[in-house]
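Engineer: Got model_37.txt for you, compact mmCIF, C-alpha atoms:
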# COMPACT_ATOMS: atom_id res chain seq x y z
CA MET A 761 0.00 0.00 0.00
CA ILE A 762 0.98 3.61 -0.50
CA ASN A 763 1.35 6.22 2.19
CA ASN A 764 -1.23 8.96 1.78
CA THR A 765 1.22 11.86 1.93
CA ASP A 766 3.69 10.13 -0.39
CA ALA A 767 0.93 9.72 -2.98
CA VAL A 768 -0.07 13.38 -2.81
CA LYS A 769 3.55 14.53 -3.02
CA LEU A 770 4.20 12.37 -6.08
CA ILE A 771 1.09 13.64 -7.85
CA ASP A 772 2.00 17.19 -6.90
CA SER A 773 5.48 16.76 -8.34
CA LYS A 774 3.91 16.11 -11.74
CA ARG A 775 1.23 18.79 -11.65
CA THR A 776 2.94 21.72 -13.44
CA ASP A 777 -0.03 24.11 -13.84
CA SER A 778 -2.75 21.58 -13.07
CA VAL A 779 -5.66 22.29 -10.75
CA ILE A 780 -5.81 19.78 -7.88
CA VAL A 781 -9.19 19.05 -6.26
CA PRO A 782 -8.51 17.02 -3.10
CA THR A 783 -11.13 15.78 -0.67
CA MET A 784 -11.31 14.15 2.75
CA ASN A 785 -8.25 11.94 3.37
CA ALA A 786 -6.28 13.14 0.36
CA ASN A 787 -3.96 16.05 1.12
CA ASN A 788 -5.26 16.14 4.72
CA VAL A 789 -8.44 17.97 3.74
CA GLY A 790 -10.52 16.13 6.34
CA PHE A 791 -7.83 16.30 9.01
CA GLY A 792 -7.19 20.02 9.08
CA LEU A 793 -3.48 19.35 8.68
CA PRO A 794 -1.28 21.43 6.39
CA SER A 795 -1.39 20.84 2.66
CA VAL A 796 1.62 19.01 1.25
CA THR A 797 1.23 20.41 -2.25
CA SER A 798 3.52 23.00 -3.76
CA ASN A 799 1.02 25.44 -5.22
CA GLN A 800 -2.01 26.07 -3.07
CA ASP A 801 -3.15 28.82 -5.40
CA LEU A 802 -4.31 26.07 -7.75
CA ASP A 803 -5.64 23.71 -5.06
CA LEU A 804 -9.41 23.61 -4.61
CA PRO A 805 -10.06 21.40 -1.56
CA LEU A 806 -13.57 20.18 -0.95
CA SER A 807 -14.61 19.29 2.59
CA GLY A 808 -18.35 19.83 2.30
CA ALA A 809 -20.78 18.19 -0.08
CA MET A 810 -19.11 14.80 0.38
CA GLY A 811 -18.84 12.79 -2.80
CA LYS A 812 -18.87 15.76 -5.13
CA ALA A 813 -15.12 16.28 -5.69
CA SER A 814 -15.13 14.69 -9.13
CA ASN A 815 -18.16 16.77 -10.14
CA LEU A 816 -16.32 19.92 -9.09
CA GLY A 817 -13.27 18.80 -11.01
CA LEU A 818 -15.37 17.98 -14.05
CA GLY A 819 -16.75 21.51 -14.10
CA ILE A 820 -13.26 23.00 -13.99
CA ALA A 821 -12.05 20.59 -16.68
CA LEU A 822 -14.88 21.64 -18.99
CA ALA A 823 -14.25 25.32 -18.31
CA GLN A 824 -10.46 25.08 -18.69
CA PRO A 825 -9.87 22.48 -21.40
CA ASP A 826 -6.21 23.38 -21.88
CA ARG A 827 -5.29 22.68 -18.27
CA LYS A 828 -5.14 19.32 -16.50
CA VAL A 829 -7.49 18.80 -13.56
CA MET A 830 -6.47 16.20 -10.97
CA VAL A 831 -9.19 15.03 -8.60
CA LEU A 832 -7.91 13.28 -5.43
CA ASP A 833 -11.00 11.36 -4.36
CA GLY A 834 -11.73 8.86 -1.58
CA ASP A 835 -13.45 5.51 -1.82
CA GLY A 836 -16.06 6.38 0.79
CA SER A 837 -16.64 9.70 -0.92
CA LEU A 838 -17.01 8.30 -4.40
CA LEU A 839 -19.37 5.58 -3.21
CA MET A 840 -21.72 8.35 -2.07
CA ASN A 841 -21.95 9.54 -5.65
CA LEU A 842 -21.02 6.62 -7.87
CA GLY A 843 -23.04 7.95 -10.79
CA ALA A 844 -20.49 10.75 -11.02
CA MET A 845 -18.15 8.29 -12.74
CA VAL A 846 -20.64 7.95 -15.56
CA THR A 847 -21.30 11.69 -15.61
CA SER A 848 -17.58 12.37 -16.05
CA ALA A 849 -17.00 9.64 -18.61
CA ASN A 850 -20.02 10.77 -20.61
CA LYS A 851 -18.69 14.32 -21.00
CA ALA A 852 -15.25 12.84 -21.59
CA PRO A 853 -12.95 15.80 -20.91
CA THR A 854 -9.51 14.86 -22.18
CA ASN A 855 -7.84 16.85 -19.37
CA PHE A 856 -9.56 15.03 -16.47
CA TYR A 857 -7.51 12.77 -14.15
CA HIS A 858 -9.45 11.07 -11.37
CA PHE A 859 -7.25 9.58 -8.64
CA LEU A 860 -9.02 7.30 -6.17
CA PHE A 861 -7.38 7.04 -2.74
CA ASN A 862 -8.72 3.66 -1.70
CA ASN A 863 -8.04 3.05 2.00
CA LYS A 864 -11.13 0.88 2.57
CA VAL A 865 -12.24 2.91 5.61
CA TYR A 866 -13.98 6.14 6.56
CA ALA A 867 -10.66 7.56 7.76
CA VAL A 868 -11.87 10.93 8.98
CA THR A 869 -14.62 9.49 11.20
CA GLY A 870 -12.49 6.96 13.06
CA GLY A 871 -11.74 4.24 10.54
CA GLN A 872 -15.03 2.41 10.19
CA PRO A 873 -14.98 -0.01 7.24
CA ILE A 874 -16.37 1.04 3.86
CA PRO A 875 -19.28 -1.21 2.82
CA GLY A 876 -18.05 -3.90 0.50
CA SER A 877 -14.48 -2.69 0.67
CA GLU A 878 -13.00 -6.16 0.33
CA CYS A 879 -14.80 -7.00 -2.90
CA GLN A 880 -14.98 -3.78 -4.86
CA ASP A 881 -13.45 -3.76 -8.32
CA TRP A 882 -12.71 -0.08 -8.88
CA GLU A 883 -10.82 -0.65 -12.10
CA GLY A 884 -13.73 -2.64 -13.44
CA MET A 885 -16.21 0.03 -12.41
CA ALA A 886 -14.15 2.76 -14.06
CA LYS A 887 -13.85 0.79 -17.29
CA ALA A 888 -17.55 0.00 -17.26
CA ALA A 889 -18.41 3.66 -16.61
CA GLY A 890 -16.52 4.60 -19.78
CA TYR A 891 -13.23 6.15 -18.67
CA ALA A 892 -10.83 6.34 -21.57
CA ALA A 893 -7.96 4.81 -19.59
CA VAL A 894 -7.65 3.10 -16.21
CA PHE A 895 -4.53 2.50 -14.12
CA SER A 896 -3.98 0.93 -10.70
CA TYR A 897 -1.04 0.98 -8.29
CA ASP A 898 -0.64 -0.72 -4.91
CA ASN A 899 2.89 0.40 -4.01
CA LEU A 900 4.85 3.62 -4.28
CA GLU A 901 7.58 2.20 -6.49
CA ASP A 902 5.15 1.14 -9.21
CA PHE A 903 3.19 4.37 -8.87
CA THR A 904 6.39 6.39 -9.22
CA THR A 905 7.31 4.42 -12.34
CA GLY A 906 3.84 4.53 -13.85
CA ILE A 907 2.48 7.98 -13.12
CA ASP A 908 3.98 9.58 -16.21
CA GLU A 909 2.22 7.09 -18.45
CA ALA A 910 -1.06 7.69 -16.63
CA LEU A 911 -0.78 11.45 -16.96
CA ALA A 912 0.21 11.15 -20.62
CA ALA A 913 -2.95 9.22 -21.41
CA THR A 914 -5.88 11.07 -22.92
CA GLY A 915 -8.65 11.65 -20.40
CA PRO A 916 -10.86 10.97 -18.76
CA VAL A 917 -8.36 8.83 -16.86
CA PHE A 918 -9.04 6.89 -13.65
CA ILE A 919 -6.08 6.04 -11.40
CA HIS A 920 -6.76 3.65 -8.52
CA LEU A 921 -4.36 3.81 -5.56
CA SER A 922 -4.23 1.39 -2.63
CA ILE A 923 -3.63 3.70 0.31
CA GLU A 924 -2.61 2.99 3.91
CA PRO A 925 -5.42 4.07 6.25
CA GLN A 926 -4.56 7.21 8.20
CA ILE A 927 -7.19 7.43 10.90
CA GLU A 928 -8.57 10.57 12.52
CA ASN A 929 -10.74 10.01 15.57
CA THR A 930 -11.16 13.50 16.99
CA PRO A 931 -14.74 14.79 16.85
CA VAL A 932 -15.14 17.31 14.07
CA GLN A 933 -15.90 20.21 16.39
CA PHE A 934 -12.61 19.72 18.25
CA ARG A 935 -10.49 19.07 15.18
CA GLN A 936 -7.88 21.48 13.94
CA ARG A 937 -9.18 23.46 10.99
CA SER A 938 -7.14 24.23 7.92
CA PRO A 939 -6.21 27.91 7.83
CA ARG A 940 -7.22 27.97 4.16
CA THR A 941 -10.95 27.38 4.05
CA VAL A 942 -12.92 26.08 1.09
CA LYS A 943 -14.40 29.56 0.70
CA MET A 944 -10.92 31.11 0.60
CA ALA A 945 -9.90 28.62 -2.07
CA PHE A 946 -12.93 29.44 -4.19
CA ASP A 947 -12.07 33.11 -3.86
CA GLU A 948 -8.41 32.60 -4.82
CA VAL A 949 -8.38 29.96 -7.56
CA PRO A 950 -10.10 32.06 -10.26
CA ALA A 951 -7.31 34.63 -10.07
CA ALA A 952 -4.69 31.88 -10.33
CA LEU A 953 -6.50 30.62 -13.43
CA GLY A 954 -6.58 34.11 -14.89
CA VAL A 955 -10.36 34.16 -14.80
CA GLY A 956 -11.84 37.63 -14.86
CA SER A 957 -8.53 39.29 -15.63
CA ASP A 958 -9.42 40.15 -19.23
CA MET B 496 -60.33 19.88 -19.15
CA THR B 497 -58.74 23.19 -18.31
CA THR B 498 -56.77 24.89 -21.05
CA TYR B 499 -54.63 28.00 -20.92
CA ASP B 500 -54.12 30.53 -23.66
CA SER B 501 -50.69 31.40 -22.40
CA VAL B 502 -48.11 28.69 -22.19
CA LEU B 503 -44.39 28.49 -21.68
CA HIS B 504 -42.42 27.58 -24.78
CA PRO B 505 -38.81 26.37 -24.62
CA PRO B 506 -37.58 29.06 -27.05
CA ALA B 507 -38.55 31.73 -24.50
CA ILE B 508 -36.30 30.06 -21.93
CA ILE B 509 -33.46 29.57 -24.39
CA ALA B 510 -33.66 33.22 -25.39
CA GLU B 511 -33.34 34.27 -21.75
CA LEU B 512 -30.35 32.02 -21.20
CA LYS B 513 -28.64 33.44 -24.27
CA LYS B 514 -29.48 37.00 -23.26
CA ASN B 515 -27.74 36.41 -19.93
CA ASN B 516 -24.67 34.84 -21.55
CA ILE B 517 -25.26 31.47 -19.95
CA THR B 518 -22.64 29.00 -21.20
CA HIS B 519 -23.70 25.65 -19.71
CA VAL B 520 -26.94 23.99 -18.65
CA VAL B 521 -26.25 21.30 -16.05
CA TRP B 522 -29.32 19.16 -15.87
CA LEU B 523 -31.23 16.04 -15.22
CA PRO B 524 -34.37 15.67 -17.33
CA ASP B 525 -37.85 15.73 -15.88
CA SER B 526 -41.26 15.36 -17.43
CA GLU B 527 -41.60 19.11 -17.91
CA THR B 528 -38.43 19.61 -19.92
CA ASN B 529 -38.38 17.13 -22.80
CA PHE B 530 -39.04 19.74 -25.47
CA MET B 531 -36.33 21.85 -23.92
CA TYR B 532 -33.85 19.02 -24.38
CA GLN B 533 -34.24 19.01 -28.13
CA LEU B 534 -33.71 22.74 -28.35
CA LEU B 535 -30.75 22.75 -26.00
CA ASN B 536 -29.07 20.07 -28.06
CA ASP B 537 -29.51 22.21 -31.17
CA GLU B 538 -28.25 25.41 -29.54
CA ASP B 539 -24.55 25.85 -30.24
CA SER B 540 -24.01 28.56 -27.65
CA LEU B 541 -25.15 26.37 -24.76
CA ASP B 542 -23.29 23.26 -23.63
CA LEU B 543 -25.51 20.63 -22.06
CA VAL B 544 -24.02 18.71 -19.11
CA PRO B 545 -26.23 15.75 -18.19
CA VAL B 546 -25.88 14.21 -14.73
CA CYS B 547 -26.99 10.99 -13.06
CA ARG B 548 -28.30 12.60 -9.85
CA GLU B 549 -29.33 16.15 -9.15
CA GLY B 550 -26.84 16.84 -6.34
CA GLU B 551 -24.08 16.67 -8.93
CA THR B 552 -25.36 19.76 -10.70
CA MET B 553 -24.33 22.35 -8.10
CA ALA B 554 -20.81 20.88 -7.86
CA ILE B 555 -20.30 20.83 -11.63
CA ALA B 556 -21.70 24.35 -11.82
CA ALA B 557 -19.27 25.45 -9.09
CA GLY B 558 -16.36 24.10 -11.10
CA LEU B 559 -17.56 25.79 -14.26
CA TRP B 560 -17.98 29.06 -12.38
CA VAL B 561 -14.49 28.89 -10.86
CA GLY B 562 -13.19 28.18 -14.35
CA GLY B 563 -14.78 31.33 -15.74
CA LYS B 564 -18.04 30.04 -17.21
CA LYS B 565 -21.63 30.97 -16.42
CA PRO B 566 -23.77 27.87 -15.83
CA VAL B 567 -27.35 27.32 -14.71
CA VAL B 568 -28.81 24.11 -13.36
CA LEU B 569 -32.10 22.70 -14.57
CA ILE B 570 -33.67 20.02 -12.39
CA GLN B 571 -37.02 19.03 -10.89
CA ASN B 572 -38.13 20.10 -7.40
CA THR B 573 -37.66 16.53 -6.21
CA GLY B 574 -33.99 16.91 -7.14
CA ILE B 575 -33.65 19.94 -4.90
CA PHE B 576 -34.58 17.76 -1.95
CA GLU B 577 -31.84 15.31 -2.93
CA SER B 578 -29.32 18.13 -3.39
CA GLY B 579 -29.36 19.63 0.08
CA ASP B 580 -25.72 19.16 0.99
CA SER B 581 -24.54 20.39 -2.40
CA ILE B 582 -26.66 23.53 -2.13
CA ARG B 583 -25.27 24.12 1.36
CA GLY B 584 -21.62 23.29 0.70
CA LEU B 585 -21.31 24.38 -2.93
CA GLY B 586 -23.93 27.07 -3.26
CA LEU B 587 -24.43 28.96 -0.04
CA ASP B 588 -21.08 28.41 1.70
CA ILE B 589 -18.99 29.55 -1.25
CA ASN B 590 -21.33 32.34 -2.39
CA GLN B 591 -21.95 30.86 -5.80
CA PRO B 592 -24.14 33.14 -7.95
CA LEU B 593 -26.10 30.23 -9.34
CA VAL B 594 -29.51 30.34 -11.01
CA MET B 595 -31.39 27.09 -10.46
CA LEU B 596 -34.26 26.40 -12.85
CA ILE B 597 -36.56 24.06 -10.95
CA GLY B 598 -39.43 22.09 -12.45
CA TYR B 599 -42.37 22.73 -10.13
CA ARG B 600 -43.87 19.23 -10.14
CA GLY B 601 -47.34 19.23 -8.60
CA TRP B 602 -47.91 23.00 -8.81
CA THR B 603 -51.66 23.75 -8.94
CA ARG B 604 -51.67 27.53 -8.76
CA ARG B 605 -52.36 27.45 -5.04
CA GLY B 606 -55.28 25.09 -5.45
CA PRO B 607 -55.34 21.86 -3.50
CA THR B 608 -51.82 20.44 -3.73
CA PRO B 609 -51.70 16.72 -3.12
CA ASP B 610 -48.10 16.39 -4.35
CA SER B 611 -45.70 16.93 -1.44
CA ALA B 612 -42.95 17.81 -3.92
CA ALA B 613 -44.90 20.99 -4.63
CA ARG B 614 -45.92 21.65 -1.03
CA TYR B 615 -42.41 21.56 0.36
CA ILE B 616 -40.28 23.21 -2.31
CA GLU B 617 -40.89 26.89 -1.52
CA PRO B 618 -40.60 26.48 2.28
CA ILE B 619 -37.36 24.54 1.79
CA LEU B 620 -35.84 27.22 -0.44
CA HIS B 621 -36.94 29.96 1.94
CA THR B 622 -35.42 28.10 4.89
CA TRP B 623 -32.08 28.27 3.10
CA GLY B 624 -32.66 31.95 2.42
CA ILE B 625 -32.85 31.28 -1.31
CA ASN B 626 -35.19 33.65 -3.10
CA CYS B 627 -37.24 32.25 -5.97
CA TYR B 628 -39.37 33.40 -8.88
CA LEU B 629 -42.23 31.60 -10.64
CA ILE B 630 -42.57 31.35 -14.40
CA GLU B 631 -45.64 29.87 -16.09
CA THR B 632 -45.91 31.59 -19.47
CA ASP B 633 -43.65 33.16 -22.06
CA ASP B 634 -44.52 36.52 -20.54
CA ASP B 635 -42.90 35.41 -17.28
CA ALA B 636 -39.65 34.25 -18.88
CA ASP B 637 -37.88 37.55 -18.27
CA ARG B 638 -37.88 36.67 -14.58
CA ILE B 639 -34.88 34.54 -15.47
CA SER B 640 -33.02 37.78 -16.15
CA ILE B 641 -34.16 39.09 -12.79
CA ALA B 642 -32.83 35.93 -11.17
CA CYS B 643 -29.50 36.19 -13.00
CA GLU B 644 -29.06 39.80 -11.93
CA GLU B 645 -29.99 38.97 -8.35
CA ALA B 646 -27.62 36.01 -8.17
CA GLU B 647 -24.72 38.17 -9.34
CA ARG B 648 -25.62 41.05 -7.04
CA THR B 649 -26.12 38.92 -3.93
CA GLN B 650 -23.55 36.22 -4.79
CA LYS B 651 -26.08 33.56 -3.83
CA PRO B 652 -28.15 30.88 -5.52
CA VAL B 653 -31.54 32.03 -6.79
CA GLY B 654 -34.38 29.70 -7.77
CA VAL B 655 -36.69 29.96 -10.78
CA LEU B 656 -39.68 27.67 -10.41
CA VAL B 657 -41.04 26.46 -13.72
CA GLY B 658 -44.70 26.10 -12.83
CA THR B 659 -46.07 24.61 -16.00
CA GLU B 660 -45.27 22.03 -18.58
CA PHE B 661 -43.70 23.41 -21.69
CA GLY B 662 -45.84 23.78 -24.79
CA VAL B 663 -44.62 22.38 -28.07
What does this structure look like when you write it as structure tokens?
Structural biologist:
Amino acid sequence: MINNTDAVKLIDSKRTDSVIVPTMNANNVGFGLPSVTSNQDLDLPLSGAMGKASNLGLGIALAQPDRKVMVLDGDGSLLMNLGAMVTSANKAPTNFYHFLFNNKVYAVTGGQPIPGSECQDWEGMAKAAGYAAVFSYDNLEDFTTGIDEALAATGPVFIHLSIEPQIENTPVQFRQRSPRTVKMAFDEVPAALGVGSD
Amino acid sequence: MTTYDSVLHPPAIIAELKKNNITHVVWLPDSETNFMYQLLNDEDSLDLVPVCREGETMAIAAGLWVGGKKPVVLIQNTGIFESGDSIRGLGLDINQPLVMLIGYRGWTRRGPTPDSAARYIEPILHTWGINCYLIETDDDADRISIACEEAERTQKPVGVLVGTEFGV
């Protein structure tokens, strides 16, 4: 399995001017811990509206077709909105890269198991939904070797990652909050994209 | 059978969307909007984004908006009930100036209203502090412009309830 932070750092190292849409476990969004990415101006974390990260990323991908959009999704999140895979594949943005951080648990609520986590076939679901290309990695070495091929593929691309659970068990109201809120990100990202500067 | 001289035609809606420079219609079809679908497909200036469940629409619209586009969502009132967390987290909390066109299933012009989808929709929107306008005929269609202006001015979602089936 791949360490959560290592996965985010590797993806971030390949981002160039991509927008990254992380949610929940990925990039510590649900933990209130600092981001490990290198360009927060182009990070659009989503901590509300669970399950909608790929929808948000799809909208950006359609609006900014010349820029890669990397969604860092969770298995529990995506299961809340599984139809989103079909929605994304149907619109088929070539610049859309959907990473699934599969840790088999609800990490930010104490590590309860995801329903059906031992029998899900995420690669099969992504192929059946219509993604143009599907990749899967269960260790950092293979992911490091393979990520360039995945990001060179024409989207929509689905990249399944087997992630070590990183459990948070502090009640939400007592949890450290990220200094950069979702609202702040929504206020800042358009400027980083050059939107409204004409 | 009751008939009405004034009806709502899809071209009146399309004209309003074009007038307000709408770029994308994020939608899930309902029984009131089939004629609209044909026209939207034929309209080059509007990109149709179909979804599998209504709660997706606000998130896709948020992404389009951040990316510099001007979307609306078009769903049935039943879909608003399903979309609560998206409206909260990706409409109200981020101040998204989003116009939501909402099929008013069960609307009876304040007659007896057996359909709970119609009974609950306005109270639910008002509870969120979301203002809404009703359109039933072509003459009402310019309320979409009012909604667009209000959404931009207040930086909040605004509802437009489509209270009649579209005429052919």
Engineer: Find the residue from B:Leu559, B:Gly550, B:Ser540, B:Leu535 that sits nearest to Leu818 (chain A); use only C-alpha atoms when measuring.
Structural biologist: B:Leu559
Engineer: Counting all atoms listed in the file, which residues sit no farther than 10 Å from the position (0.0, 14.2, -5.3) in the file's frame? I'd like them as a list in words.
Structural biologist: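 Residues found, by chain and rising number: Asn764, Thr765, Asp766, Ala767, Val768, Lys769, Leu770, Ile771, Asp772, Ser773, Lys774, Arg775, Ile780, Pro782, Ala786, Asn787, Val796, Thr797, Ser798, Met830, Val831, Leu832 and Phe859 of chain A.
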Engineer: For chain B against chain A, which residues fall within 8 Å using all atoms listed in the file, given as a compact mmCIF listing (two decimals) with C-alpha atoms, keeping the file's coordinate frame?
Structural biologist:
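The result, stored in selection.txt:
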# COMPACT_ATOMS: atom_id res chain seq x y z
CA VAL B 544 -24.02 18.71 -19.11
CA PRO B 545 -26.23 15.75 -18.19
CA VAL B 546 -25.88 14.21 -14.73
CA CYS B 547 -26.99 10.99 -13.06
CA ARG B 548 -28.30 12.60 -9.85
CA GLU B 551 -24.08 16.67 -8.93
CA THR B 552 -25.36 19.76 -10.70
CA ALA B 554 -20.81 20.88 -7.86
CA ILE B 555 -20.30 20.83 -11.63
CA ALA B 556 -21.70 24.35 -11.82
CA ALA B 557 -19.27 25.45 -9.09
CA GLY B 558 -16.36 24.10 -11.10
CA LEU B 559 -17.56 25.79 -14.26
CA TRP B 560 -17.98 29.06 -12.38
CA VAL B 561 -14.49 28.89 -10.86
CA GLY B 562 -13.19 28.18 -14.35
CA GLY B 563 -14.78 31.33 -15.74
CA LYS B 564 -18.04 30.04 -17.21
CA ASP B 580 -25.72 19.16 0.99
CA SER B 581 -24.54 20.39 -2.40
CA ARG B 583 -25.27 24.12 1.36
CA GLY B 584 -21.62 23.29 0.70
CA LEU B 585 -21.31 24.38 -2.93
CA ASP B 588 -21.08 28.41 1.70
CA ILE B 589 -18.99 29.55 -1.25
Engineer: Could you give me, as a list in words, the residues within 6 Å of region 620-627 of chain B, counting all atoms listed in the file and dropping anything in the same chain fewer than 2 positions from it?
Structural biologist: Glu617, Pro618, Val653, Gly654 and Val655 of chain B
Engineer: Find the spatial neighbours of Asn855 (chain A), counting all atoms listed in the file, within a cut-off of 7 Å - ignore same-chain residues fewer than 4 positions away - and output them as a VMD selection string.
Structural biologist: chain A and resid 821 825 827 to 829 915 to 916
Engineer: Any idea what the distance is between CA of Leu860 (chain A) and CA of Phe918 (chain A)?
Structural biologist: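 Spanning CA of Leu860 (chain A) to CA of Phe918 (chain A) is a straight-line distance of 7.5 Å.
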Engineer: Which protein, DNA or RNA residues are at most 12 Å from (-12.4, 7.4, 9.8) in the file's coordinates when you count all atoms listed in the file, listed as an MDAnalysis selection string?
Structural biologist: chainID A and resid 784:785 790:791 834:837 863:874 925:932
Engineer: Go ahead and compute the interatomic distance for CA of Leu523 (chain B) and CA of Gln571 (chain B), in Å to one decimal.
Structural biologist: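 The value is 7.8 Å.
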Engineer: Which of these residues is nearest to Phe856 (chain A), using only C-alpha atoms: A:Leu839, A:Val781, A:Cys879, A:Ile923?
Structural biologist: A:Val781
Engineer: What's the separation between CA of Ile582 (chain B) and CA of Ile570 (chain B), in Å to one decimal place?
Structural biologist: 12.9 Å
Engineer: Can you fill out region 833-848 of chain A with N, CA, C and O atoms and hand it back as an mmCIF file, in the frame of the given file?
Structural biologist:
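The result, written out as result05.cif:
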data_model
loop_
_atom_site.group_PDB
_atom_site.id
_atom_site.type_symbol
_atom_site.label_atom_id
_atom_site.label_comp_id
_atom_site.auth_asym_id
_atom_site.auth_seq_id
_atom_site.Cartn_x
_atom_site.Cartn_y
_atom_site.Cartn_z
ATOM 1 N N ASP A 833 -9.724 11.783 -4.934
ATOM 2 C CA ASP A 833 -11.000 11.360 -4.360
ATOM 3 C C ASP A 833 -10.765 10.269 -3.319
ATOM 4 O O ASP A 833 -9.684 9.688 -3.230
ATOM 5 N N GLY A 834 -11.786 9.962 -2.540
ATOM 6 C CA GLY A 834 -11.730 8.860 -1.580
ATOM 7 C C GLY A 834 -12.759 7.803 -1.939
ATOM 8 O O GLY A 834 -13.753 8.099 -2.612
ATOM 9 N N ASP A 835 -12.515 6.587 -1.467
ATOM 10 C CA ASP A 835 -13.450 5.510 -1.820
ATOM 11 C C ASP A 835 -14.812 5.716 -1.141
ATOM 12 O O ASP A 835 -15.858 5.572 -1.780
ATOM 13 N N GLY A 836 -14.788 6.104 0.131
ATOM 14 C CA GLY A 836 -16.060 6.380 0.790
ATOM 15 C C GLY A 836 -16.790 7.546 0.153
ATOM 16 O O GLY A 836 -18.020 7.539 0.026
ATOM 17 N N SER A 837 -16.038 8.537 -0.258
ATOM 18 C CA SER A 837 -16.640 9.700 -0.920
ATOM 19 C C SER A 837 -17.279 9.307 -2.240
ATOM 20 O O SER A 837 -18.440 9.636 -2.515
ATOM 21 N N LEU A 838 -16.508 8.613 -3.066
ATOM 22 C CA LEU A 838 -17.010 8.300 -4.400
ATOM 23 C C LEU A 838 -18.215 7.356 -4.340
ATOM 24 O O LEU A 838 -19.123 7.437 -5.180
ATOM 25 N N LEU A 839 -18.216 6.478 -3.329
ATOM 26 C CA LEU A 839 -19.370 5.580 -3.210
ATOM 27 C C LEU A 839 -20.656 6.352 -2.893
ATOM 28 O O LEU A 839 -21.751 5.863 -3.154
ATOM 29 N N MET A 840 -20.539 7.532 -2.322
ATOM 30 C CA MET A 840 -21.720 8.350 -2.070
ATOM 31 C C MET A 840 -22.311 8.924 -3.347
ATOM 32 O O MET A 840 -23.416 9.455 -3.340
ATOM 33 N N ASN A 841 -21.543 8.848 -4.423
ATOM 34 C CA ASN A 841 -21.950 9.540 -5.650
ATOM 35 C C ASN A 841 -21.403 8.781 -6.861
ATOM 36 O O ASN A 841 -20.766 9.345 -7.724
ATOM 37 N N LEU A 842 -21.652 7.489 -6.871
ATOM 38 C CA LEU A 842 -21.020 6.620 -7.870
ATOM 39 C C LEU A 842 -21.411 6.987 -9.304
ATOM 40 O O LEU A 842 -20.636 6.787 -10.234
ATOM 41 N N GLY A 843 -22.612 7.537 -9.454
ATOM 42 C CA GLY A 843 -23.040 7.950 -10.790
ATOM 43 C C GLY A 843 -22.138 9.017 -11.388
ATOM 44 O O GLY A 843 -22.117 9.205 -12.610
ATOM 45 N N ALA A 844 -21.392 9.710 -10.524
ATOM 46 C CA ALA A 844 -20.490 10.750 -11.020
ATOM 47 C C ALA A 844 -19.447 10.178 -11.981
ATOM 48 O O ALA A 844 -18.961 10.885 -12.865
ATOM 49 N N MET A 845 -19.112 8.898 -11.817
ATOM 50 C CA MET A 845 -18.150 8.290 -12.740
ATOM 51 C C MET A 845 -18.729 8.268 -14.152
ATOM 52 O O MET A 845 -18.022 8.541 -15.134
ATOM 53 N N VAL A 846 -19.988 7.966 -14.253
ATOM 54 C CA VAL A 846 -20.640 7.950 -15.560
ATOM 55 C C VAL A 846 -20.812 9.374 -16.091
ATOM 56 O O VAL A 846 -20.607 9.646 -17.278
ATOM 57 N N THR A 847 -21.164 10.282 -15.196
ATOM 58 C CA THR A 847 -21.300 11.690 -15.610
ATOM 59 C C THR A 847 -19.986 12.185 -16.210
ATOM 60 O O THR A 847 -19.979 12.822 -17.274
ATOM 61 N N SER A 848 -18.876 11.906 -15.555
ATOM 62 C CA SER A 848 -17.580 12.370 -16.050
ATOM 63 C C SER A 848 -17.206 11.679 -17.358
ATOM 64 O O SER A 848 -16.780 12.332 -18.318
#
